[in-house]
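Engineer: Here it is, the structure in full.
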Amino acid sequence: MQNFQVIPAFRIMRKISYMIVTTGNILLIGSTLLFVSLIIGRTGYKLGIPVLLLFLIVGMIFGSDGVGIQFHNAGEAQFIGTLSLCIILFAGGMDTKINDIRPIIPQGVILATVGVLLTTFITGYFIYWLIGSLYPSMAAPLVGCLLLAAVMSSTDSASVFNILRSKSLNLKQNMRPLLELESGSNDPMAYMLTILLLQIIQSGDMSWGQILLSFFMQFSIGIIMGYVLGRIAVYIINHVCLMNNSLYQVILLTFLFFTFSITDLLNGNGYLAVYLAGLVIGNHRIVYKKNIANFFDGLAWLFQIIMFLSLGLLVNPKDLWGVAHIGLLIGIFLIFIARPLAVFLCLLPFRKMTLPGRIFVSWIGLRGAVPIIFATYPLLADIEGASQIFNIVFFITILSLLIQGTTVSGAARLLGLAHPAQEKPNEFDMELSEDIKSIVAEASVMPDLLTEGDRLQDLHFPQNTLVIMIKRYENYFVPNGHTRLLPGDKLLLLSDNEEELRHTLAQLGIEEYTLRRN
C-alpha cells in the first residue's frame, strides 16, 4: 500500500506561490481567496468588525510577505479599482431614494465638495509642517503634501453600514441618508484634486484660471452626462424588447461602463456621472427593477471583495513599518482634528442640526479602499516619493478602520443617535410590483385576539384591508371569512391605508407586526 504523508497547511499554501500561471491555477487561487474572504467576512460581520479591513488582511496574508502570491502591478490594481468603484457607485446610486436624501441634499453636497477641499488643505498644511519640523530629511514640497492629503480626503461608508446592520441599529436625524449621500458623492472631488495636484507636480505650475476651468468642466460635464445618459438608459430599457429577461441587467451594465468612459473622454468626472446615472435610473420606473437591483447589489459585493483583495495583495506589509511613525501622527490628526474641523465648518449654516449629530458625522470619516486606489495614481505617474504616499495612505486606512470602524455603533449609542431596530421577519418573502402602491403587513395571532371568535371574519378588518395568506407552522394557504385561526398563525395583510391599518391592529391588540410600504 502506498504511504500517505500529511502535509502541513503552511507548506501547501507556500506551494501556491510557486505555481505556474495557468487558467486552472488562477481560478484555484481566485476561488480560494474569495471563499476565505467570505467566511472571514461573515465572522467579522457578526462581531462588528469592518468587513473591508478583513478583506485587506486576507489579501496581505496571501501576498508576497505572507503565502507568497506575487502581485506588484499598480496599473492592474488601479484598473480593478476603477472598474469596481464604477459598479459600487452605480449600485449605491440606484439604491438611494430621492425622497430620503431630499431634506439633506444641501448638507451632503457641501460635505462632499467643500468638506473634501477643507480636509485636503487642513491635512496638507499639517503634513508640510510635520515633515519640516520632525522629518526634514524627507524634504517634501507643499504641493506633494497636499497630494497626500487629497488622496485620502474622501470617506467610505460601506463598512460603516455593514456594522450598523450587524448591531441592529437605526440612526436618527437623517444620519443614514446624509452619510450615504456624502460617501457616494465625495469620491469625484477627491479624484479631481488628486489628478489636479499630480498635473501641477508634473508640469511645474498651473494658473488659477486653468484650475477653476478644470473643476468646472469636471463637475458640469459629469453632472450633464450622468443625468442625460441615465434618462436615455431608462427609456431604452423600457422600450427595447430583449429575447431574455436577464439581458436587461447586461444592457444596463454596458450603459454603466459607457457612461464612465465617454464622460472621462470628454474631460468630465466619470465617477460623478456613474453615481448620478445610477441615482436617475433607481428613481424611475423600469422593467424588472427588482431583479436588476438584486443583480447590481450582488455584483457590487463581488467587486468590493475583488478590489480589497487586490489592494491587500499589492502592498508589502513589511514596508508599512517604515512609515508607521509618520502615518500614525497624520492619521490621528486627520481623525481627531482635520475631519471634525472640516465638518463643523461645513455645517455652520445648518443650525437645526444638533451637536451630537455634527460630532457623529465628524467621527464617520472612515477611510476605505478609494484612497488606496487614488494612491496608485502617483505610483503610475512615477513621481518622487510615490511609494511613500501609497504606504502612508494604506497605513492610515488600516488605522481609521481600527479606530473608527470598530466604534461606529458605540459612538451612535453614546451620542443618543441610535435606537434598536426591531427584527422584521419576512415570513412570506413576497414582493409586489412597484406599480402597486400598497402597504404589506405581517401580523402574529395571539391567544387574546381570539376571545371574541376564532374565525377570520370575527376580526373586523377595514374594507380596504385583506388577509391574503396565512402561514400555520410550515404550511401556507389562502383563507376565507370562515377560516378558523390558531394562536401563532402568521397573517399576510394587504391594505391601501397605512394609518387606518395601524389603528385597526392597535384596536385588536396586535402588537407583533411589521409593515412594508410598496
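Chain lettering (A, B, ...) mirrors the order of the C-alpha cells, residue numbering begins at 1 for each chain separately, and ligand numbering begins at 1 in order of display.
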Just the residues within 9 Å of stretch 507-509 of chain A, please, counting only C-alpha atoms, with nothing from its chain fewer than 4 positions along; format it as a PyMOL selection string.

Structural biologist: chain A and resi 446+448-449+459+502-503

Engineer: For the residues selected in the previous step, produce a file with C-alpha atoms as a PDB file, in the first residue's frame.

Structural biologist:
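Result saved to again.pdb:
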ATOM      1  CA  MET A 446     -52.030  35.892  19.890  1.00  0.00           C
ATOM      2  CA  ASP A 448     -56.138  37.231  23.345  1.00  0.00           C
ATOM      3  CA  LEU A 449     -57.104  38.019  19.772  1.00  0.00           C
ATOM      4  CA  LEU A 459     -61.596  40.258  13.435  1.00  0.00           C
ATOM      5  CA  ARG A 502     -52.248  50.667  12.198  1.00  0.00           C
ATOM      6  CA  HIS A 503     -55.331  51.896  14.078  1.00  0.00           C
TER       7      HIS A 503
END

Engineer: Got a sec: who's within 9 Å of A:Glu442, counting only C-alpha atoms, leaving out chain neighbours fewer than 2 positions off, as JSON, numbers by chain?

Structural biologist: {"A": [425, 426, 427, 428, 440, 444, 490, 491, 492, 493, 512, 513, 514, 515, 516]}

Engineer: Those residues with N, CA and C atoms, as a compact mmCIF listing (two decimals), in the first residue's frame please?

Structural biologist:
# COMPACT_ATOMS: atom_id res chain seq x y z
N PRO A 425 -39.19 40.09 10.51
CA PRO A 425 -39.20 38.81 9.80
C PRO A 425 -40.02 38.91 8.52
N ASN A 426 -39.56 38.25 7.51
CA ASN A 426 -40.27 38.22 6.24
C ASN A 426 -40.72 36.79 6.02
N GLU A 427 -41.78 36.41 6.76
CA GLU A 427 -42.24 35.03 6.75
C GLU A 427 -42.70 34.59 5.36
N PHE A 428 -43.26 35.55 4.59
CA PHE A 428 -43.87 35.18 3.31
C PHE A 428 -42.96 35.46 2.13
N VAL A 440 -48.00 46.34 2.84
CA VAL A 440 -47.99 44.91 3.13
C VAL A 440 -47.62 44.73 4.60
N SER A 444 -48.88 38.56 13.85
CA SER A 444 -48.95 37.28 14.56
C SER A 444 -50.24 37.21 15.36
N LYS A 490 -49.47 33.23 11.33
CA LYS A 490 -48.93 34.45 10.74
C LYS A 490 -49.85 34.90 9.62
N LEU A 491 -50.29 36.17 9.70
CA LEU A 491 -51.20 36.71 8.71
C LEU A 491 -50.46 37.66 7.77
N LEU A 492 -50.74 37.52 6.47
CA LEU A 492 -50.22 38.46 5.47
C LEU A 492 -51.37 39.35 5.04
N LEU A 493 -51.24 40.64 5.32
CA LEU A 493 -52.31 41.59 5.04
C LEU A 493 -51.88 42.57 3.96
N GLU A 512 -47.34 42.43 17.67
CA GLU A 512 -46.25 41.88 16.86
C GLU A 512 -46.65 41.94 15.39
N TYR A 513 -46.19 42.97 14.71
CA TYR A 513 -46.45 43.08 13.28
C TYR A 513 -45.37 43.94 12.63
N THR A 514 -45.23 43.79 11.33
CA THR A 514 -44.31 44.60 10.55
C THR A 514 -45.05 45.16 9.35
N LEU A 515 -44.63 46.34 8.92
CA LEU A 515 -45.22 46.99 7.76
C LEU A 515 -44.15 47.24 6.71
N ARG A 516 -44.51 47.03 5.45
CA ARG A 516 -43.62 47.36 4.34
C ARG A 516 -44.39 48.18 3.32

Engineer: Step one, run DSSP on the backbone; step two, keep only residues of stretch 46-128 of chain A assigned to helix (DSSP H, G or I); then write them as JSON, numbers by chain.

Structural biologist: {"A": [46, 47, 51, 52, 53, 54, 55, 56, 57, 58, 59, 60, 61, 62, 74, 75, 76, 77, 78, 79, 80, 81, 82, 83, 84, 85, 86, 87, 88, 89, 90, 91, 92, 93, 94, 95, 98, 99, 100, 101, 102, 103, 104, 105, 106, 107, 108, 109, 110, 111, 112, 113, 114, 115, 116, 117, 118, 119, 120, 121, 122, 123, 124, 125, 126, 127, 128]}

Engineer: Would you please work out which residue, of A:Asn186, A:Gln78, A:Gly278, A:Val51, is nearest to A:Gly93 when using only C-alpha atoms?

Structural biologist: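 Of the candidates, the smallest distance to A:Gly93 is held by A:Gly278.
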
Engineer: Counting only C-alpha atoms, which of A:Tyr271, A:Phe344, A:Tyr473, A:Phe90 gets nearest to A:Pro356?

Structural biologist: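 Going through A:Tyr271, A:Phe344, A:Tyr473, A:Phe90 one by one, the smallest distance to A:Pro356 is for A:Phe344.
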
Engineer: Please provide as a compact mmCIF listing (two decimals) with N, CA and C atoms, in the first residue's frame all residues within 7 Å of stretch 372-381 of chain A, with the sequence filter that same-chain residues fewer than 4 positions apart are discarded (counting only C-alpha atoms).

Structural biologist:
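result12.txt was written with the following content:
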# COMPACT_ATOMS: atom_id res chain seq x y z
N ALA A 74 0.81 48.03 -10.12
CA ALA A 74 -0.11 49.09 -9.68
C ALA A 74 -1.12 49.43 -10.76
N GLY A 75 -0.74 49.29 -12.03
CA GLY A 75 -1.66 49.58 -13.12
C GLY A 75 -2.84 48.63 -13.13
N GLN A 78 -5.05 49.43 -10.21
CA GLN A 78 -5.85 50.63 -10.47
C GLN A 78 -7.01 50.33 -11.41
N GLY A 81 -9.56 48.56 -9.42
CA GLY A 81 -10.20 49.52 -8.53
C GLY A 81 -11.17 50.43 -9.25
N VAL A 151 -5.40 62.53 -1.65
CA VAL A 151 -5.61 61.11 -1.91
C VAL A 151 -6.49 60.47 -0.84
N TYR A 191 -10.95 62.68 -6.34
CA TYR A 191 -10.30 62.27 -7.59
C TYR A 191 -9.81 63.49 -8.37
N ALA A 386 6.39 58.52 -4.41
CA ALA A 386 5.09 57.89 -4.67
C ALA A 386 4.88 56.66 -3.80
N SER A 387 5.92 55.85 -3.63
CA SER A 387 5.78 54.64 -2.82
C SER A 387 5.52 54.98 -1.36
N ILE A 389 3.90 57.68 -0.35
CA ILE A 389 2.50 58.12 -0.31
C ILE A 389 1.57 56.91 -0.23
N PHE A 390 1.84 55.90 -1.07
CA PHE A 390 0.99 54.71 -1.09
C PHE A 390 1.01 54.00 0.26
N VAL A 393 -0.82 56.07 3.00
CA VAL A 393 -2.28 56.01 2.82
C VAL A 393 -2.81 54.65 3.26
N PHE A 394 -2.11 53.59 2.91
CA PHE A 394 -2.54 52.24 3.31
C PHE A 394 -2.52 52.11 4.83

Engineer: Compile the contact shell of A:Ile200 as number ranges by chain: residues with an atom at most 12 Å away, counting only C-alpha atoms, same-chain residues fewer than 3 positions apart removed.

Structural biologist: A: 141-144, 146-147, 193-197, 203-208, 210-211, 383

Engineer: Let me make sure I understand: among A:Gly453, A:Pro447, A:Gly132, A:Gly184, which one has the smallest atom-to-atom distance to A:Leu486 if we use only C-alpha atoms?

Structural biologist: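 Of all the options, A:Pro447 lies closest to A:Leu486.
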